[in-house]
>>> print(open('start-v3.txt').read())   # compact mmCIF, C-alpha atoms and all ligand atoms
# COMPACT_ATOMS: atom_id res chain seq x y z
CA MET A 1 -19.39 -26.90 23.14
CA ALA A 2 -20.25 -29.44 20.45
CA ALA A 3 -19.17 -29.68 16.82
CA VAL A 4 -21.79 -30.82 14.37
CA THR A 5 -20.63 -32.30 11.10
CA GLY A 6 -22.37 -32.75 7.77
CA ALA A 7 -22.83 -30.51 4.77
CA MET A 8 -22.36 -27.54 7.03
CA ARG A 9 -19.95 -27.10 9.92
CA ALA A 10 -21.48 -25.81 13.12
CA LEU A 11 -20.18 -24.83 16.50
CA ILE A 12 -22.62 -24.38 19.34
CA VAL A 13 -21.43 -22.32 22.29
CA ASP A 14 -23.01 -22.08 25.69
CA THR A 15 -22.96 -18.33 26.11
CA ASP A 16 -24.63 -15.61 28.11
CA ALA A 17 -25.03 -12.71 25.69
CA ARG A 18 -25.74 -10.32 28.53
CA ARG A 19 -22.09 -10.48 29.52
CA ALA A 20 -21.15 -8.72 26.28
CA GLU A 21 -19.97 -5.17 26.86
CA VAL A 22 -21.67 -2.78 24.51
CA PRO A 23 -20.86 0.92 24.55
CA ASP A 24 -23.80 3.30 24.77
CA ALA A 25 -24.91 4.70 21.43
CA GLN A 26 -24.66 8.45 21.89
CA LEU A 27 -25.56 9.16 18.27
CA ARG A 28 -28.05 7.50 15.99
CA PRO A 29 -26.67 6.79 12.49
CA ARG A 30 -30.22 6.76 11.15
CA ASP A 31 -30.41 10.49 11.85
CA LEU A 32 -27.78 10.98 9.14
CA HIS A 33 -29.11 8.30 6.81
CA ARG A 34 -32.60 9.75 6.67
CA THR A 35 -31.11 13.00 5.29
CA LEU A 36 -29.22 11.27 2.43
CA PRO A 37 -30.70 11.42 -1.08
CA GLY A 38 -33.05 8.49 -1.77
CA TYR A 39 -33.42 7.39 1.87
CA ALA A 40 -36.38 5.14 2.67
CA PRO A 41 -36.60 2.24 5.13
CA THR A 42 -35.97 -1.02 3.29
CA PRO A 43 -38.87 -3.50 3.24
CA LEU A 44 -39.40 -6.35 5.69
CA HIS A 45 -41.03 -9.43 4.17
CA GLY A 46 -42.73 -12.23 6.09
CA LEU A 47 -42.13 -15.67 4.53
CA ARG A 48 -45.25 -17.52 5.65
CA ASP A 49 -44.86 -20.59 3.45
CA LEU A 50 -41.25 -21.12 4.40
CA ALA A 51 -42.04 -20.70 8.10
CA ALA A 52 -44.78 -23.35 7.79
CA GLU A 53 -42.47 -25.68 5.86
CA LEU A 54 -39.74 -25.37 8.51
CA GLY A 55 -42.20 -25.59 11.41
CA LEU A 56 -41.39 -22.11 12.71
CA GLY A 57 -43.60 -19.39 14.13
CA GLY A 58 -42.39 -16.88 11.55
CA VAL A 59 -39.52 -15.99 9.25
CA TRP A 60 -38.86 -12.38 8.25
CA VAL A 61 -36.40 -11.04 5.70
CA LYS A 62 -35.14 -7.48 6.01
CA ASP A 63 -34.43 -6.77 2.37
CA GLU A 64 -31.29 -4.69 1.77
CA SER A 65 -31.12 -5.50 -1.94
CA TRP A 66 -31.79 -1.82 -2.62
CA ARG A 67 -30.46 0.66 -0.09
CA LEU A 68 -29.85 4.35 -0.78
CA ASP A 69 -29.94 3.61 -4.51
CA LEU A 70 -27.31 0.82 -4.28
CA PRO A 71 -27.70 -2.97 -4.26
CA SER A 72 -26.40 -3.61 -0.73
CA PHE A 73 -26.55 -2.33 2.86
CA LYS A 74 -22.90 -1.40 2.93
CA ILE A 75 -23.22 2.31 2.21
CA LEU A 76 -24.82 2.68 5.65
CA GLY A 77 -21.43 2.05 7.27
CA GLY A 78 -19.20 3.93 4.84
CA SER A 79 -21.40 7.03 4.83
CA TRP A 80 -21.63 7.15 8.63
CA ALA A 81 -17.85 6.77 9.08
CA VAL A 82 -17.11 9.45 6.48
CA HIS A 83 -19.69 11.72 8.11
CA ARG A 84 -17.97 11.41 11.48
CA LEU A 85 -14.49 11.79 10.01
CA ILE A 86 -15.24 14.84 7.90
CA LEU A 87 -17.20 16.72 10.55
CA GLU A 88 -14.45 16.05 13.05
CA GLN A 89 -11.73 17.19 10.64
CA ALA A 90 -13.71 20.35 9.92
CA GLY A 91 -14.15 20.93 13.67
CA ARG A 92 -17.95 20.85 13.43
CA PRO A 93 -20.37 19.11 15.84
CA VAL A 94 -21.64 15.68 14.80
CA ALA A 95 -24.77 15.64 16.96
CA GLY A 96 -27.75 16.78 14.94
CA ALA A 97 -25.73 17.09 11.72
CA GLY A 98 -27.15 15.70 8.46
CA MET A 99 -26.31 15.79 4.78
CA SER A 100 -26.26 19.60 4.49
CA GLU A 101 -23.79 20.02 7.37
CA LEU A 102 -21.72 17.19 5.87
CA LEU A 103 -21.62 18.89 2.47
CA ALA A 104 -20.62 22.18 4.07
CA ALA A 105 -17.81 20.50 6.03
CA ALA A 106 -16.64 18.66 2.90
CA ALA A 107 -16.48 21.92 0.95
CA GLU A 108 -14.27 23.45 3.67
CA LEU A 109 -11.77 20.60 3.43
CA GLY A 110 -11.13 21.04 -0.29
CA GLU A 111 -9.44 18.20 -2.17
CA VAL A 112 -9.87 14.86 -0.42
CA THR A 113 -9.42 11.28 -1.65
CA LEU A 114 -11.14 8.41 0.18
CA THR A 115 -9.73 4.91 -0.06
CA SER A 116 -10.64 1.39 1.05
CA ALA A 117 -10.29 -2.26 0.21
CA THR A 118 -13.39 -4.23 -0.63
CA ASP A 119 -14.91 -7.46 -1.84
CA GLY A 120 -17.26 -5.20 -3.78
CA ASN A 121 -20.05 -3.68 -1.74
CA HIS A 122 -18.17 -1.63 0.85
CA GLY A 123 -15.95 -0.07 -1.81
CA ARG A 124 -18.93 0.87 -3.89
CA GLY A 125 -20.54 2.54 -0.88
CA VAL A 126 -17.34 4.48 -0.15
CA ALA A 127 -17.03 5.47 -3.83
CA ARG A 128 -20.65 6.66 -3.87
CA THR A 129 -20.11 8.64 -0.65
CA ALA A 130 -17.00 10.24 -2.19
CA ARG A 131 -18.97 11.20 -5.28
CA MET A 132 -21.78 12.73 -3.21
CA LEU A 133 -19.22 14.92 -1.42
CA GLY A 134 -17.13 15.85 -4.47
CA PHE A 135 -14.14 13.78 -3.25
CA GLY A 136 -11.93 11.36 -5.20
CA ALA A 137 -11.80 7.62 -4.39
CA VAL A 138 -9.22 4.87 -4.85
CA ILE A 139 -10.64 1.41 -4.16
CA PHE A 140 -8.59 -1.82 -3.91
CA VAL A 141 -10.17 -5.17 -4.78
CA PRO A 142 -8.59 -8.60 -4.36
CA GLU A 143 -7.75 -10.55 -7.51
CA GLY A 144 -10.65 -12.70 -8.63
CA THR A 145 -13.26 -10.01 -7.95
CA ALA A 146 -16.08 -10.31 -10.51
CA GLN A 147 -15.76 -7.81 -13.38
CA ALA A 148 -19.36 -6.66 -12.82
CA ARG A 149 -18.45 -5.61 -9.27
CA ILE A 150 -15.29 -3.81 -10.45
CA ASP A 151 -17.24 -2.00 -13.16
CA ALA A 152 -19.89 -0.92 -10.64
CA ILE A 153 -17.24 0.70 -8.41
CA ALA A 154 -15.56 2.37 -11.39
CA GLY A 155 -19.03 3.56 -12.45
CA GLU A 156 -19.11 5.66 -9.26
CA GLY A 157 -16.10 7.58 -10.59
CA ALA A 158 -13.52 5.75 -8.43
CA GLU A 159 -10.12 4.48 -9.49
CA VAL A 160 -10.19 0.70 -8.97
CA VAL A 161 -6.92 -1.15 -8.29
CA VAL A 162 -6.89 -4.97 -8.50
CA HIS A 163 -4.51 -6.28 -5.84
CA PRO A 164 -2.77 -9.62 -6.53
CA GLY A 165 -3.74 -11.28 -3.25
CA ASN A 166 -6.71 -11.93 -1.00
CA TYR A 167 -8.95 -9.48 0.85
CA ASP A 168 -6.70 -9.22 3.92
CA ARG A 169 -3.75 -8.22 1.74
CA ALA A 170 -5.82 -5.69 -0.19
CA VAL A 171 -6.80 -4.13 3.17
CA ALA A 172 -3.14 -3.85 4.23
CA ARG A 173 -2.23 -2.21 0.92
CA ALA A 174 -5.11 0.31 1.07
CA THR A 175 -3.99 1.34 4.57
CA ALA A 176 -0.30 1.59 3.65
CA GLU A 177 -0.99 3.62 0.50
CA ALA A 178 -3.40 5.90 2.35
CA LYS A 179 -0.57 6.91 4.68
CA ALA A 180 1.88 7.37 1.80
CA HIS A 181 -0.47 9.47 -0.37
CA GLY A 182 -2.46 11.38 2.26
CA ARG A 183 -5.77 9.63 1.46
CA ILE A 184 -8.49 9.10 4.06
CA ALA A 185 -8.84 5.34 4.70
CA VAL A 186 -12.38 4.09 5.27
CA ALA A 187 -11.72 0.52 6.38
CA ASP A 188 -14.60 -1.80 7.28
CA VAL A 189 -12.21 -4.03 9.22
CA ALA A 190 -9.73 -3.40 12.03
CA LEU A 191 -6.69 -5.66 11.95
CA GLY A 192 -5.14 -5.47 15.41
CA ASP A 193 -5.21 -2.59 17.87
CA ASP A 194 -4.28 0.25 15.51
CA ASP A 195 -6.67 2.27 13.37
CA VAL A 196 -9.79 1.01 15.14
CA GLN A 197 -11.87 4.21 15.13
CA VAL A 198 -13.02 4.22 11.51
CA PRO A 199 -13.95 0.49 11.40
CA THR A 200 -15.93 1.04 14.61
CA TRP A 201 -17.87 3.86 12.98
CA VAL A 202 -18.46 1.75 9.85
CA MET A 203 -19.90 -0.98 12.07
CA ASP A 204 -22.03 1.54 13.99
CA GLY A 205 -23.58 2.73 10.72
CA TYR A 206 -25.19 -0.68 10.08
CA ASP A 207 -27.44 -0.09 13.11
CA THR A 208 -29.99 1.61 10.86
CA ILE A 209 -31.06 -1.79 9.46
CA PHE A 210 -32.05 -3.09 12.87
CA ASP A 211 -33.47 0.22 14.01
CA GLU A 212 -35.91 0.11 11.08
CA ALA A 213 -36.69 -3.57 11.69
CA ASP A 214 -37.75 -2.75 15.27
CA GLU A 215 -40.51 -0.57 13.85
CA GLN A 216 -41.49 -3.13 11.22
CA LEU A 217 -41.72 -6.23 13.43
CA SER A 218 -44.67 -6.53 15.77
CA ALA A 219 -42.55 -8.42 18.35
CA PRO A 220 -38.79 -8.88 18.72
CA PRO A 221 -37.16 -11.90 17.03
CA THR A 222 -36.11 -14.95 19.05
CA VAL A 223 -33.34 -15.90 16.61
CA VAL A 224 -31.27 -13.60 14.39
CA LEU A 225 -29.01 -15.07 11.68
CA LEU A 226 -26.21 -12.76 10.57
CA GLN A 227 -23.92 -13.57 7.67
CA ALA A 228 -20.32 -12.64 8.29
CA GLY A 229 -17.17 -11.70 6.47
CA VAL A 230 -15.07 -9.80 9.01
CA GLY A 231 -18.04 -9.75 11.40
CA ALA A 232 -18.83 -6.02 11.53
CA PHE A 233 -22.36 -6.49 10.23
CA ALA A 234 -22.99 -9.34 12.69
CA ALA A 235 -21.60 -7.37 15.63
CA ALA A 236 -23.73 -4.37 14.69
CA GLY A 237 -26.86 -6.53 14.82
CA ILE A 238 -25.88 -8.09 18.12
CA ARG A 239 -25.07 -4.70 19.65
CA HIS A 240 -28.42 -3.33 18.55
CA TYR A 241 -30.38 -6.07 20.31
CA LEU A 242 -28.18 -5.97 23.39
CA ARG A 243 -28.85 -2.24 23.73
CA ALA A 244 -32.56 -2.70 23.10
CA ALA A 245 -32.79 -5.45 25.71
CA ALA A 246 -30.87 -3.63 28.44
CA GLY A 247 -32.44 -4.76 31.68
CA SER A 248 -34.39 -7.97 31.69
CA ALA A 249 -36.08 -7.97 28.27
CA PRO A 250 -35.53 -11.29 26.46
CA LEU A 251 -32.63 -11.46 24.02
CA PRO A 252 -32.66 -13.28 20.71
CA ARG A 253 -30.18 -16.08 20.08
CA PHE A 254 -27.49 -14.92 17.65
CA VAL A 255 -26.15 -17.06 14.82
CA THR A 256 -23.30 -16.19 12.45
CA VAL A 257 -23.22 -17.67 8.95
CA GLU A 258 -20.01 -17.95 6.92
CA PRO A 259 -18.85 -19.85 3.82
CA LEU A 260 -17.20 -23.21 4.50
CA SER A 261 -14.02 -21.93 2.86
CA ALA A 262 -13.85 -18.67 4.89
CA ASP A 263 -15.15 -19.44 8.38
CA CYS A 264 -12.73 -17.31 10.41
CA LEU A 265 -15.32 -16.58 13.12
CA ARG A 266 -16.16 -20.25 13.65
CA VAL A 267 -12.44 -21.11 13.80
CA SER A 268 -11.81 -18.20 16.19
CA ALA A 269 -14.65 -19.35 18.45
CA GLU A 270 -13.25 -22.86 18.50
CA ALA A 271 -9.77 -21.53 19.32
CA GLY A 272 -11.19 -19.17 21.97
CA GLU A 273 -9.37 -16.21 20.43
CA LEU A 274 -9.30 -14.13 17.27
CA THR A 275 -7.67 -16.32 14.61
CA THR A 276 -6.62 -15.71 11.01
CA ILE A 277 -7.26 -18.45 8.49
CA ASP A 278 -6.01 -18.72 4.94
CA ALA A 279 -9.21 -17.73 3.16
CA GLY A 280 -8.93 -17.36 -0.57
CA HIS A 281 -11.73 -16.23 -2.81
CA GLU A 282 -13.23 -19.62 -3.56
CA SER A 283 -16.71 -19.06 -2.24
CA ILE A 284 -19.36 -17.50 -4.44
CA MET A 285 -20.37 -15.56 -1.30
CA ALA A 286 -17.79 -12.93 -2.27
CA GLY A 287 -18.62 -10.45 0.48
CA LEU A 288 -17.95 -13.13 3.08
CA ASN A 289 -14.53 -14.27 1.75
CA CYS A 290 -12.54 -12.94 4.70
CA GLY A 291 -9.78 -14.64 6.68
CA THR A 292 -9.51 -12.37 9.73
CA PRO A 293 -12.31 -11.20 12.03
CA SER A 294 -12.37 -7.47 12.68
CA SER A 295 -10.79 -6.81 16.07
CA VAL A 296 -13.56 -4.32 16.89
CA ALA A 297 -16.33 -6.81 16.08
CA TRP A 298 -14.89 -10.00 17.53
CA PRO A 299 -15.36 -9.33 21.28
CA THR A 300 -19.09 -8.67 20.78
CA ILE A 301 -19.49 -11.74 18.59
CA GLN A 302 -17.53 -13.99 20.93
CA ALA A 303 -19.53 -12.90 23.96
CA ALA A 304 -22.96 -13.22 22.40
CA THR A 305 -23.07 -15.82 19.62
CA THR A 306 -24.81 -19.14 20.27
CA ALA A 307 -24.13 -20.85 16.92
CA TYR A 308 -21.40 -20.37 14.35
CA LEU A 309 -22.46 -21.94 11.07
CA ALA A 310 -20.31 -22.46 7.98
CA VAL A 311 -22.35 -23.36 4.91
CA PRO A 312 -21.50 -24.67 1.44
CA ASP A 313 -22.01 -22.52 -1.65
CA GLU A 314 -24.77 -24.86 -2.82
CA LEU A 315 -26.92 -23.78 0.11
CA ALA A 316 -26.44 -20.11 -0.81
CA ARG A 317 -27.64 -20.94 -4.33
CA GLU A 318 -30.66 -22.75 -2.89
CA ALA A 319 -31.47 -19.76 -0.66
CA MET A 320 -31.17 -17.37 -3.64
CA ARG A 321 -33.70 -19.49 -5.55
CA ARG A 322 -36.04 -19.68 -2.55
CA LEU A 323 -35.99 -15.89 -2.21
CA ALA A 324 -36.52 -15.41 -5.95
CA GLU A 325 -39.67 -17.54 -5.68
CA VAL A 326 -41.16 -14.89 -3.38
CA GLY A 327 -39.96 -11.96 -5.48
CA ILE A 328 -36.83 -11.09 -3.46
CA VAL A 329 -33.58 -10.58 -5.39
CA ALA A 330 -30.71 -11.85 -3.24
CA GLY A 331 -27.08 -12.08 -4.27
CA GLU A 332 -24.83 -14.88 -3.04
CA SER A 333 -23.77 -13.17 0.21
CA GLY A 334 -27.22 -11.67 0.60
CA ALA A 335 -28.87 -15.09 0.73
CA ALA A 336 -26.34 -16.51 3.20
CA GLY A 337 -28.46 -15.76 6.28
CA LEU A 338 -31.33 -17.78 4.86
CA ALA A 339 -28.87 -20.51 3.80
CA GLY A 340 -27.86 -20.72 7.45
CA LEU A 341 -31.48 -21.03 8.53
CA LEU A 342 -32.13 -23.85 6.04
CA ALA A 343 -29.08 -25.70 7.39
CA ALA A 344 -29.93 -25.03 11.05
CA ALA A 345 -33.55 -26.12 10.69
CA ASP A 346 -32.39 -29.36 9.11
CA ASP A 347 -29.97 -30.27 11.89
CA PRO A 348 -31.66 -31.66 15.03
CA GLU A 349 -28.96 -30.50 17.44
CA VAL A 350 -28.68 -26.96 16.10
CA ARG A 351 -32.45 -26.75 15.80
CA ALA A 352 -32.88 -27.65 19.44
CA GLU A 353 -30.15 -25.28 20.65
CA LEU A 354 -31.77 -22.37 18.83
CA ALA A 355 -35.32 -23.37 19.86
CA LEU A 356 -36.34 -23.38 16.21
CA ASP A 357 -39.90 -24.44 16.92
CA ALA A 358 -43.47 -23.25 16.42
CA ASP A 359 -42.84 -20.26 18.72
CA ALA A 360 -39.65 -19.15 16.97
CA ARG A 361 -39.59 -15.76 15.30
CA VAL A 362 -36.59 -15.71 13.00
CA LEU A 363 -35.00 -12.66 11.40
CA VAL A 364 -32.60 -12.87 8.46
CA VAL A 365 -31.22 -10.01 6.40
CA ASN A 366 -30.84 -10.11 2.64
CA THR A 367 -27.69 -8.01 2.60
CA GLU A 368 -27.34 -7.59 -1.16
CA GLY A 369 -29.18 -7.75 -4.45
CA ALA A 370 -27.77 -9.05 -7.74
CA THR A 371 -24.32 -7.47 -7.54
CA ASP A 372 -23.14 -9.88 -10.28
CA PRO A 373 -26.21 -10.09 -12.55
CA GLY A 374 -24.69 -12.71 -14.91
CA ALA A 375 -23.91 -15.08 -12.04
CA TYR A 376 -27.39 -14.40 -10.61
CA GLU A 377 -29.10 -15.48 -13.81
CA ASP A 378 -26.94 -18.63 -14.01
CA ILE A 379 -27.95 -19.61 -10.47
CA VAL A 380 -31.60 -18.56 -10.35
CA GLY A 381 -32.52 -19.13 -14.01
CA ARG A 382 -34.13 -15.70 -14.25
CA ARG A 383 -32.77 -12.21 -14.64
CA PRO A 384 -32.92 -10.03 -11.50
CA GLU A 385 -35.21 -7.56 -13.26
CA ASP A 386 -37.65 -10.38 -14.03
CA VAL A 387 -37.70 -11.47 -10.38
CA ARG A 388 -38.29 -7.93 -9.10
CA PRO A 389 -38.95 -5.46 -11.92
CA ASP A 390 -38.81 -2.39 -9.68
CA PRO A 391 -35.90 -2.37 -7.23
CA GLU A 392 -37.16 0.66 -5.32
CA PRO A 393 -38.22 -0.16 -1.76
CA ALA A 394 -41.86 -1.23 -1.49
C1 LIG A 401 -23.50 -8.49 0.90
C2 LIG A 401 -22.71 -8.62 2.13
N1 LIG A 401 -23.24 -9.24 3.19
C3 LIG A 401 -22.56 -9.39 4.34
C4 LIG A 401 -21.27 -8.91 4.46
C5 LIG A 401 -20.54 -9.16 5.73
O1 LIG A 401 -20.17 -8.02 6.42
P1 LIG A 401 -18.91 -8.05 7.39
O2 LIG A 401 -17.69 -8.11 6.52
O3 LIG A 401 -19.03 -6.82 8.19
O4 LIG A 401 -19.02 -9.30 8.19
C6 LIG A 401 -20.67 -8.26 3.38
C7 LIG A 401 -19.31 -7.72 3.47
O5 LIG A 401 -18.76 -7.18 2.55
C8 LIG A 401 -21.41 -8.10 2.18
O6 LIG A 401 -20.89 -7.49 1.11
>>> encode(input="start-v3.txt", output="structure tokens")
Amino acid sequence: MAAVTGAMRALIVDTDARRAEVPDAQLRPRDLHRTLPGYAPTPLHGLRDLAAELGLGGVWVKDESWRLDLPSFKILGGSWAVHRLILEQAGRPVAGAGMSELLAAAAELGEVTLTSATDGNHGRGVARTARMLGFGAVIFVPEGTAQARIDAIAGEGAEVVVHPGNYDRAVARATAEAKAHGRIAVADVALGDDDVQVPTWVMDGYDTIFDEADEQLSAPPTVVLLQAGVGAFAAAGIRHYLRAAAGSAPLPRFVTVEPLSADCLRVSAEAGELTTIDAGHESIMAGLNCGTPSSVAWPTIQAATTAYLAVPDELAREAMRRLAEVGIVAGESGAAGLAGLLAAADDPEVRAELALDADARVLVVNTEGATDPGAYEDIVGRRPEDVRPDPEPA
């Protein structure tokens, strides 16, 4: 294990990803997602010029800036978890069920209120899912959440409560109030050993991104960079490739990317166990401002991750501008995967560990569009609609 210093913090771990235990996927979340209104696979863009500049075989961006009519991937997890919860509560089978079975089950349950805590995107996905099903929604956001993100959640018809504390505390409050008021909690993070089922389902739902990418890439990636808040998105990506490579097929190297001020995965990896840090909301990568890894994501990440990178906000801004140059609208957290690649390619030790060379095929995911359009314009110098006039998938 070696720590690399500089503008980013990096931890390289000698790991054998095949040791990671990954449960079989009995159900395919994409079977639900393809029945939801507005479903289409999101585009995959090849960045030829950047690959040449960095001396890599190829760089691809899976672009989640517009997913199911929302500017982030997060609804994939919330909708899948709610699907499983509601069908189970209604005593209906989940296998083979799509939107129409979900609507029928929801109608049987009558009045339901969904709740969650969020840095923005997850809560909006839960609020949209609630609206689709005719449910109410109460969404908690930590203080400091951008007004544009609050307004977007309220615009889905949800009640938004600003909690005076960080993300972890907003999560605890959403869970406590759910129990007190009989709401259904749709948490994207598990804190400890209790209430792990729903966060596991949320994580499972992200699989659709990688399932689509398999069809869009002509050969599997050799390196996958996954930006992380609580780590559910990263673990979902890792699990997907571990399942796909069961047997002897080659596995990509996995890299997590976090903000310098909220690198709870990197700190946990260094400590050798799940560790909470005091993350505030300093980073502009709002979706990644998390202080505690999800207990259902951490074992997968710990077993399989080769490099834990923590990057400064300036690198996220740089990555946003790079993506805008090629017509991709990426918000601050969305661009973090590419920010990690820029940092990794620039660091000889990390570059060597990840075999970032002329044979490397690198996958990053743009996990959000311009979820705070004012901040986007300040950083990129153009409005999101001028960078990509039509946000519908290509
Ligand atoms: C845009 C975006 N990207 C990445 C993430 C990270 O996901 P996770 O918290 O599962 O690590 C989030 C989380 O909210 C997000 O909003």
>>> atom_distance(input="start-v3.txt", atom1="CA of Thr367 in chain A", atom2="atom C4 of ligand LIG 401 (chain A)")
6.7 Å
>>> axis_aligned_box(input="start-v3.txt", around="ligand LIG 401 (chain A)", padding_each_side="4 Å", output="AutoDock Vina command-line options")
--center_x -20.6 --center_y -8.1 --center_z 4.5 --size_x 13.8 --size_y 10.6 --size_z 15.3
>>> atom_distance(input="start-v3.txt", atom1="CA of Ala81 in chain A", atom2="CA of Val189 in chain A")
12.2 Å
>>> closest_atom_pairs(input="start-v3.txt", of="chain A", to="ligand LIG 401 (chain A)", cutoff="9 Å", atoms="only C-alpha atoms and all ligand atoms", output="CSV")
residue,atom,partner,partner_atom,distance
A:Glu64,CA,A:LIG401,C1,8.7
A:Ser65,CA,A:LIG401,C1,8.7
A:Pro71,CA,A:LIG401,C1,8.6
A:Ser72,CA,A:LIG401,C1,5.9
A:Phe73,CA,A:LIG401,C1,7.1
A:Lys74,CA,A:LIG401,O6,6.7
A:Thr118,CA,A:LIG401,O5,6.9
A:Asp119,CA,A:LIG401,O5,5.8
A:Gly120,CA,A:LIG401,O6,6.5
A:Asn121,CA,A:LIG401,O6,4.8
A:His122,CA,A:LIG401,O5,5.8
A:Gly123,CA,A:LIG401,O5,8.8
A:Asp188,CA,A:LIG401,O3,6.8
A:Val189,CA,A:LIG401,O2,7.3
A:Val202,CA,A:LIG401,O3,8.7
A:Met203,CA,A:LIG401,O3,7.1
A:Tyr206,CA,A:LIG401,O3,8.9
A:Leu226,CA,A:LIG401,C3,8.0
A:Gln227,CA,A:LIG401,C3,5.5
A:Ala228,CA,A:LIG401,O4,3.6
A:Gly229,CA,A:LIG401,O4,3.5
A:Val230,CA,A:LIG401,O2,4.0
A:Gly231,CA,A:LIG401,O4,3.4
A:Ala232,CA,A:LIG401,O3,3.4
A:Phe233,CA,A:LIG401,O3,3.9
A:Ala234,CA,A:LIG401,O4,6.0
A:Ala235,CA,A:LIG401,O3,7.9
A:Ala236,CA,A:LIG401,O3,8.4
A:Glu258,CA,A:LIG401,O4,8.8
A:Met285,CA,A:LIG401,C1,8.0
A:Ala286,CA,A:LIG401,O6,7.1
A:Gly287,CA,A:LIG401,O6,3.8
A:Leu288,CA,A:LIG401,C5,5.4
A:Asn289,CA,A:LIG401,C7,8.3
A:Cys290,CA,A:LIG401,O2,7.3
A:Pro293,CA,A:LIG401,O4,8.0
A:Ser294,CA,A:LIG401,O3,8.1
A:Ala297,CA,A:LIG401,O3,8.3
A:Ala330,CA,A:LIG401,C1,9.0
A:Gly331,CA,A:LIG401,C1,7.2
A:Glu332,CA,A:LIG401,C1,7.6
A:Ser333,CA,A:LIG401,C1,4.7
A:Gly334,CA,A:LIG401,C1,4.9
A:Ala335,CA,A:LIG401,N1,8.5
A:Ala336,CA,A:LIG401,N1,7.9
A:Gly337,CA,A:LIG401,C3,8.9
A:Val365,CA,A:LIG401,N1,8.6
A:Asn366,CA,A:LIG401,N1,7.7
A:Thr367,CA,A:LIG401,C1,4.5
A:Glu368,CA,A:LIG401,C1,4.4
A:Gly369,CA,A:LIG401,C1,7.8
A:Thr371,CA,A:LIG401,C1,8.5
>>> closest_residue(input="start-v3.txt", among="A:Glu21, A:Glu377, A:Asp195, A:Glu53", to="Asp357 in chain A", atoms="only C-alpha atoms")
A:Glu53
>>> atom_distance(input="start-v3.txt", atom1="CA of Arg388 in chain A", atom2="CA of Gly46 in chain A")
16.4 Å
>>> closest_residue(input="start-v3.txt", among="A:Ala352, A:Ile139, A:Ala176, A:Ala40", to="Val161 in chain A", atoms="all atoms listed in the file")
A:Ile139
>>> residues_around(input="start-v3.txt", residues="range 24-39 of chain A", least_positions_apart="4", cutoff="7 Å", atoms="all atoms listed in the file", output="number ranges by chain")
A: 68-69, 80, 95, 97-99, 205, 207-208
>>> write_last_selection(input="start-v3.txt", atoms="C-alpha atoms", output="tab-separated table (two decimals), in the coordinates of the input")
chain	number	residue	atom	x	y	z
A	68	LEU	CA	-29.85	4.35	-0.78
A	69	ASP	CA	-29.94	3.61	-4.51
A	80	TRP	CA	-21.63	7.15	8.63
A	95	ALA	CA	-24.77	15.64	16.96
A	97	ALA	CA	-25.73	17.09	11.72
A	98	GLY	CA	-27.15	15.70	8.46
A	99	MET	CA	-26.31	15.79	4.78
A	205	GLY	CA	-23.58	2.73	10.72
A	207	ASP	CA	-27.44	-0.09	13.11
A	208	THR	CA	-29.99	1.61	10.86
>>> closest_atom_pairs(input="start-v3.txt", of="range 332-362 of chain A", to="range 306-311 of chain A", cutoff="12 Å", atoms="all atoms listed in the file", output="CSV")
residue,atom,partner,partner_atom,distance
A:Glu332,CA,A:Val311,CA,11.9
A:Ser333,CA,A:Val311,CA,11.3
A:Ala335,CA,A:Val311,CA,11.3
A:Ala336,CA,A:Val311,CA,8.1
A:Gly337,CA,A:Val311,CA,9.8
A:Leu338,CA,A:Val311,CA,10.6
A:Ala339,CA,A:Val311,CA,7.2
A:Gly340,CA,A:Leu309,CA,6.6
A:Leu341,CA,A:Leu309,CA,9.4
A:Leu342,CA,A:Val311,CA,9.9
A:Ala343,CA,A:Val311,CA,7.5
A:Ala344,CA,A:Leu309,CA,8.1
A:Ala345,CA,A:Leu309,CA,11.9
A:Asp347,CA,A:Leu309,CA,11.2
A:Glu349,CA,A:Ala307,CA,10.8
A:Val350,CA,A:Ala307,CA,7.7
A:Arg351,CA,A:Ala307,CA,10.3
A:Ala352,CA,A:Ala307,CA,11.4
A:Glu353,CA,A:Thr306,CA,8.1
A:Leu354,CA,A:Thr306,CA,7.8
A:Ala355,CA,A:Thr306,CA,11.3
>>> residues_around(input="start-v3.txt", residues="Ile86 in chain A", least_positions_apart="2", cutoff="8 Å", atoms="all atoms listed in the file", output="PyMOL selection string")
chain A and resi 82-84+88-90+102+105-106
>>> residues_around(input="start-v3.txt", residues="Asp194 in chain A", least_positions_apart="6", cutoff="12 Å", atoms="all atoms listed in the file", output="ChimeraX atom specification")
/A:175,187,200,294-296
>>> residues_around(input="start-v3.txt", residues="Val326 in chain A", least_positions_apart="3", cutoff="9 Å", atoms="only C-alpha atoms", output="ChimeraX atom specification")
/A:47,322-323,329,387
>>> residues_around(input="start-v3.txt", residues="Arg169 in chain A", least_positions_apart="5", cutoff="10 Å", atoms="all atoms listed in the file", output="ChimeraX atom specification")
/A:117,140-142,163-164,174-175
>>> write_last_selection(input="start-v3.txt", atoms="C-alpha atoms", output="PDB file, in the frame of the given file")
ATOM      1  CA  ALA A 117     -10.290  -2.260   0.210  1.00  0.00           C
ATOM      2  CA  PHE A 140      -8.590  -1.820  -3.910  1.00  0.00           C
ATOM      3  CA  VAL A 141     -10.170  -5.170  -4.780  1.00  0.00           C
ATOM      4  CA  PRO A 142      -8.590  -8.600  -4.360  1.00  0.00           C
ATOM      5  CA  HIS A 163      -4.510  -6.280  -5.840  1.00  0.00           C
ATOM      6  CA  PRO A 164      -2.770  -9.620  -6.530  1.00  0.00           C
ATOM      7  CA  ALA A 174      -5.110   0.310   1.070  1.00  0.00           C
ATOM      8  CA  THR A 175      -3.990   1.340   4.570  1.00  0.00           C
TER       9      THR A 175
END
